[in-house]
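*Asks:* The structure under discussion is supplied below as structure tokens; questions concerning it will follow.
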Amino acid sequence: MVHSRITLAGIGLRLLLTALSAVYVPMNLAVGEPAAAPSLPHNQILLKSGPESFRLVEQAAHQADARIVPVQGPGFDLAWRVDVQRQPLAEFQVQLVSAALGKLYPGDSVLLSVWARALGSSGPDHRGSIGLILEQSADPYEKALARRFDLDSAWQRLDVTAKITPGFGRIGAHVALRLGYFPQTVEIGRVELRRFDSSVSLASLPQTPLTYPGRQSDAAWRRQADQRIELLRKALLTVRVTDTAGRPISGAAVQVHMLRHSFAFGCAYSDSRFPAGAAQSADDRAYQQHFAQLFNTGVDERAMKWPEWQDRTTRHAAMRALQWMRDHGIDVRGHCLLWPGWRHLPPELRILADDPPALEHRIEDHIHDITGALAGKVIEWDVVNEPYLNNDLMHILGYGAMANWFKLARQADPSARLYLNEADVPNSPPRDRRYDALYSRVQALQKEAAPIGGIGMQGHFDDNLVAPVDLLAIYDRFVTLGIPIRITELDIDVADEQLQADYFRDFLTASFSDPEINGIVLWGFWAAQDWRPGTALYRKDWSIKPNGQIWKDLVLGKWWTNANGVSAADGTYSTRGFLGDYQVTVTAGRRCRTVEITLPHGDRTVNVSLK
């Protein structure tokens, strides 16, 4: 049986699973060294050692090889060896998937334990990577847990816990072990899933700590980032106070009050929270108040997408919310002109799949319609959204059609900056092929003279917390394209609120320090109106979470300039401030004058004359 190849549905698989069904003996990370068994509450074993069936997903058959090999593991002597030979389009295209599991009930606690190691990889430091997933067995594949771990050459026991939410078990569930992050060889020696009743807290179960490199307060990258922020995001503002004859006035009180960042600190909003007049609730008013306080940029999370834009009621709501944003000095991004996968397009469009000219005509009409209606009202557009995995239109019209879409958008709105917006960047590993694909696509658009003005990077993090130094390296890959990057959809979905806040702080710091980044837009901020409630800055009762406090401390605190002093003998007062809009007030005796100015890149001197 040594090194025999396992077929996807062959008898060798069943022999392996039988051989792996040894009695559970908990071990520590050292091979063959027994550890004290964790004291676990009463539980039901849904999956133990080798499940009744475990298969390599079919789309991975030509990209990975799975074999049974003998090992000297902690409590087992056989293991899967999965050799990922070529990197797939997505990590889930190389994964081992279990058969359907037993019943899961809302409120249940689950513990997934996996023993694994890496024998080599093309990843950073030659470490491997494995994703542990408990998800529904059919679309929409909702996940009860999803954790990703780095692997060394020593056996590791990885423990992950989760609470089952209502409705999760109705479709049925399975365990998936994802390996398609990059070429690597991984061995998996044991898999166990245990169910505990609703009285068992997750805190009572073993849990492999989740963290990320560079989290420590004295990490070198953090000091360097603060230095870059000081140089890149601030400038010297000098206020020169004179009388009407141009003579300097010394001893004048000067107050410098920041009004707005030039850097985009934004968030997605729901147009439903901006109803007309008396229809507003207390939550609507709180939502609006917090939005105006926290953000200078907004993006409608749904109403500008093509299917919703066709609905006149939704369009009216979108325009009402957009006007509220403009009335409150908040810039608005347009999202999105084309999300080119069938499931994100109007259903009737699919009947034109066999008539490319008619399909192209419908697309052109839509671009002219929406960009024309919003010309001068939005500062930028995501022209194409997530083309890496959503490209049905390009398969029919060719990838050159994307350049035409950008050109049409420019014709209808000459002032808006136009973006290509991509998913799973920068939250994918640094060597993920998504980055190569995104770079190549932007480069191709530029060669076709498409007026692309920026790269949109979505960052929907769960447990895949990319180290800050890796984030900076990812951004650096796009420098030669000569256009800025905007973080367009940021959220961090981890259960540990302190870890969530720490990574949020470090993501914001690293990104704000990078010269390629021109803005950061969150994808929700209030748990009752957030597609992933756990990522919100505020709970449903409007109490602030640790990550919300981080946002305020940084964006409205550490990175905000309010200063005051007195003019020197030559009538000047100087301070370094963050780039943006300011109100400057000068007072000398009974004379007082207030001016509003903008502090751009480079130093600026403002003359204030007092009568």
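Every chain in the structure tokens takes a letter, A first, then B, and so on in the order presented; its residues are numbered from 1, and the ligands are numbered from 1 following the presented order.
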Report as a tab-separated table the residues of region 439-492 of chain A within 10 Å of region 198-213 of chain A, each with its shortest atom pair and distance in Å (one decimal), using only C-alpha atoms, ordered by chain and increasing residue number.
*Replies:*
```
residue	atom	partner	partner_atom	distance
A:Asp463	CA	A:Leu210	CA	7.5
A:Asn464	CA	A:Tyr212	CA	9.0
A:Leu465	CA	A:Tyr212	CA	6.2
A:Val466	CA	A:Tyr212	CA	7.1
A:Ala467	CA	A:Pro213	CA	5.4
A:Pro468	CA	A:Pro213	CA	7.7
A:Val469	CA	A:Pro213	CA	8.5
A:Asp470	CA	A:Pro213	CA	9.5
```
*Asks:* Can you tell me, as an MDAnalysis selection string, what residues are no more than 10 Å from Pro346 (chain A) when counting only C-alpha atoms, ignoring any on the same chain fewer than 4 positions away?
*Replies:* chainID A and resid 305:310 342 350
*Asks:* Using N, CA, C and O atoms, can you export the residues from the last selection as a PDB file, in the first residue's frame?
*Replies:*
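Wrote again.pdb, looks like this:
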```pdb
ATOM      1  N   LYS A 305     -25.886  48.795  -8.650  1.00  0.00           N
ATOM      2  CA  LYS A 305     -25.613  47.600  -9.446  1.00  0.00           C
ATOM      3  C   LYS A 305     -26.734  47.450 -10.474  1.00  0.00           C
ATOM      4  O   LYS A 305     -27.883  47.816 -10.228  1.00  0.00           O
ATOM      5  N   TRP A 306     -26.407  46.871 -11.607  1.00  0.00           N
ATOM      6  CA  TRP A 306     -27.311  46.899 -12.757  1.00  0.00           C
ATOM      7  C   TRP A 306     -28.718  46.373 -12.447  1.00  0.00           C
ATOM      8  O   TRP A 306     -29.712  47.064 -12.732  1.00  0.00           O
ATOM      9  N   PRO A 307     -28.889  45.190 -11.871  1.00  0.00           N
ATOM     10  CA  PRO A 307     -30.259  44.705 -11.645  1.00  0.00           C
ATOM     11  C   PRO A 307     -31.073  45.646 -10.764  1.00  0.00           C
ATOM     12  O   PRO A 307     -32.261  45.881 -11.023  1.00  0.00           O
ATOM     13  N   GLU A 308     -30.446  46.199  -9.723  1.00  0.00           N
ATOM     14  CA  GLU A 308     -31.165  47.092  -8.819  1.00  0.00           C
ATOM     15  C   GLU A 308     -31.443  48.441  -9.471  1.00  0.00           C
ATOM     16  O   GLU A 308     -32.497  49.045  -9.248  1.00  0.00           O
ATOM     17  N   TRP A 309     -30.502  48.927 -10.274  1.00  0.00           N
ATOM     18  CA  TRP A 309     -30.680  50.224 -10.924  1.00  0.00           C
ATOM     19  C   TRP A 309     -31.877  50.224 -11.867  1.00  0.00           C
ATOM     20  O   TRP A 309     -32.519  51.264 -12.075  1.00  0.00           O
ATOM     21  N   GLN A 310     -32.194  49.074 -12.426  1.00  0.00           N
ATOM     22  CA  GLN A 310     -33.359  48.975 -13.328  1.00  0.00           C
ATOM     23  C   GLN A 310     -34.678  49.185 -12.598  1.00  0.00           C
ATOM     24  O   GLN A 310     -35.684  49.534 -13.217  1.00  0.00           O
ATOM     25  N   TRP A 342     -23.053  36.033 -14.940  1.00  0.00           N
ATOM     26  CA  TRP A 342     -24.497  35.969 -15.170  1.00  0.00           C
ATOM     27  C   TRP A 342     -25.315  36.182 -13.899  1.00  0.00           C
ATOM     28  O   TRP A 342     -26.343  36.864 -13.921  1.00  0.00           O
ATOM     29  N   ARG A 350     -29.249  37.145 -20.183  1.00  0.00           N
ATOM     30  CA  ARG A 350     -28.657  35.856 -20.568  1.00  0.00           C
ATOM     31  C   ARG A 350     -29.224  35.336 -21.882  1.00  0.00           C
ATOM     32  O   ARG A 350     -28.548  34.563 -22.581  1.00  0.00           O
TER      33      ARG A 350
END
```
*Asks:* Between A:Leu145, A:Met304, A:Ile45, A:Met457, single out the one closest to Ala318 (chain A), counting only C-alpha atoms.
*Replies:*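 With only C-alpha atoms as the atom set, the closest residue is A:Met304.
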*Asks:* Need to verify the contact set: Ser440 (chain A), 12 Å, only C-alpha atoms, exclusion of same-chain residues closer than 3 positions in sequence. Can you return it as a list in words?
*Replies:*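 Within the cut-off, the hits are Tyr388, Tyr399, Leu420, Arg433, Arg434, Tyr435, Asp436, Ala437, Gln443, Ala444, Leu445, Gln446, Lys447, Arg477, Phe478, Thr480 and Leu481 of chain A.
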*Asks:* Please produce a file of the residues just selected, as a CSV table (one decimal), in the first residue's frame, where the atoms kept are N, CA and C atoms.
*Replies:*
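Below is the file out.csv, written as the result:
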```csv
chain,number,residue,atom,x,y,z
A,388,TYR,N,-11.9,38.4,-12.2
A,388,TYR,CA,-11.1,37.1,-12.0
A,388,TYR,C,-12.0,35.9,-12.0
A,399,TYR,N,-12.1,39.8,-24.1
A,399,TYR,CA,-11.6,40.7,-23.0
A,399,TYR,C,-11.3,42.1,-23.5
A,420,LEU,N,-10.7,49.3,-12.0
A,420,LEU,CA,-11.0,47.9,-12.1
A,420,LEU,C,-11.0,47.4,-10.7
A,433,ARG,N,-2.0,33.8,-7.4
A,433,ARG,CA,-2.0,34.1,-8.9
A,433,ARG,C,-3.0,35.2,-9.2
A,434,ARG,N,-3.9,35.6,-8.2
A,434,ARG,CA,-4.8,36.7,-8.4
A,434,ARG,C,-4.0,38.0,-8.7
A,435,TYR,N,-2.9,38.1,-8.0
A,435,TYR,CA,-2.1,39.4,-8.2
A,435,TYR,C,-1.5,39.5,-9.6
A,436,ASP,N,-1.0,38.3,-10.1
A,436,ASP,CA,-0.5,38.3,-11.5
A,436,ASP,C,-1.6,38.6,-12.5
A,437,ALA,N,-2.8,38.0,-12.2
A,437,ALA,CA,-3.9,38.2,-13.1
A,437,ALA,C,-4.4,39.6,-13.1
A,443,GLN,N,-2.6,46.1,-17.1
A,443,GLN,CA,-1.6,46.4,-18.1
A,443,GLN,C,-2.2,46.2,-19.5
A,444,ALA,N,-3.1,45.2,-19.7
A,444,ALA,CA,-3.7,45.0,-21.0
A,444,ALA,C,-4.7,46.2,-21.3
A,445,LEU,N,-5.4,46.7,-20.3
A,445,LEU,CA,-6.3,47.8,-20.5
A,445,LEU,C,-5.5,49.0,-20.8
A,446,GLN,N,-4.4,49.3,-20.2
A,446,GLN,CA,-3.6,50.4,-20.5
A,446,GLN,C,-3.0,50.3,-22.0
A,447,LYS,N,-2.7,49.2,-22.4
A,447,LYS,CA,-2.2,49.0,-23.8
A,447,LYS,C,-3.3,49.3,-24.8
A,477,ARG,N,4.0,45.6,-5.8
A,477,ARG,CA,3.9,44.9,-7.1
A,477,ARG,C,3.3,45.7,-8.2
A,478,PHE,N,2.5,46.7,-7.8
A,478,PHE,CA,1.7,47.4,-8.8
A,478,PHE,C,2.2,48.8,-9.0
A,480,THR,N,4.7,49.9,-10.8
A,480,THR,CA,5.1,50.2,-12.2
A,480,THR,C,3.9,50.5,-13.1
A,481,LEU,N,2.7,50.2,-12.7
A,481,LEU,CA,1.5,50.5,-13.5
A,481,LEU,C,1.2,52.0,-13.5
```
*Asks:* Could you check how far CA of Pro451 (chain A) sits from CA of Gly334 (chain A), in Å to one decimal?
*Replies:* 16.0 Å
*Asks:* Do you know which residues are at most 12 Å from Trp405 (chain A) counting only C-alpha atoms, after dropping those on the same chain fewer than 3 positions away, and could you put them as number ranges by chain?
*Replies:* A: 336-340, 360-368, 371, 381-385, 393-394, 397-402, 408-412, 418-420, 445, 448-452
*Asks:* Taking into account only C-alpha atoms, which residue in the set A:Lys234, A:Arg343, A:Arg273, A:Arg223 is nearest to Pro600 (chain A)?
*Replies:*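 Residue with the minimum atom-to-atom distance to Pro600 (chain A): A:Lys234.
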*Asks:* Tell me, in Å to one decimal, how far CA of Val69 (chain A) is from CA of Asp83 (chain A).
*Replies:* 12.0 Å
*Asks:* Just asking: which residues within region 464-549 of chain A are strand (DSSP E) according to DSSP, as number ranges by chain?
*Replies:* A: 485-492, 517-522
*Asks:* Would you work out the distance separating CA of Ala162 (chain A) from CA of Pro429 (chain A), expressed in Å to one decimal?
*Replies:*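 Between CA of Ala162 (chain A) and CA of Pro429 (chain A) the gap works out to 24.0 Å.
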*Asks:* Taking into account only C-alpha atoms, which residue in the set A:Arg532, A:Ile351, A:Ile520, A:Val586 is nearest to Lys143 (chain A)?
*Replies:*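 Using only C-alpha atoms, Lys143 (chain A) sits closest to A:Arg532.
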*Asks:* When you look at Lys540 (chain A) with a cut-off of 12 Å (counting only C-alpha atoms), what residues show up, excluding the ones that are within fewer than 5 positions of it in the same chain? I need them as a list in words.
*Replies:*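 Residues meeting the cut-off are Asp283, Ala286, Tyr287, Phe525, Trp526, Ala527, Ala528, Gln529, Asp530, Pro533, Gly534, Thr535 and Lys545 of chain A.
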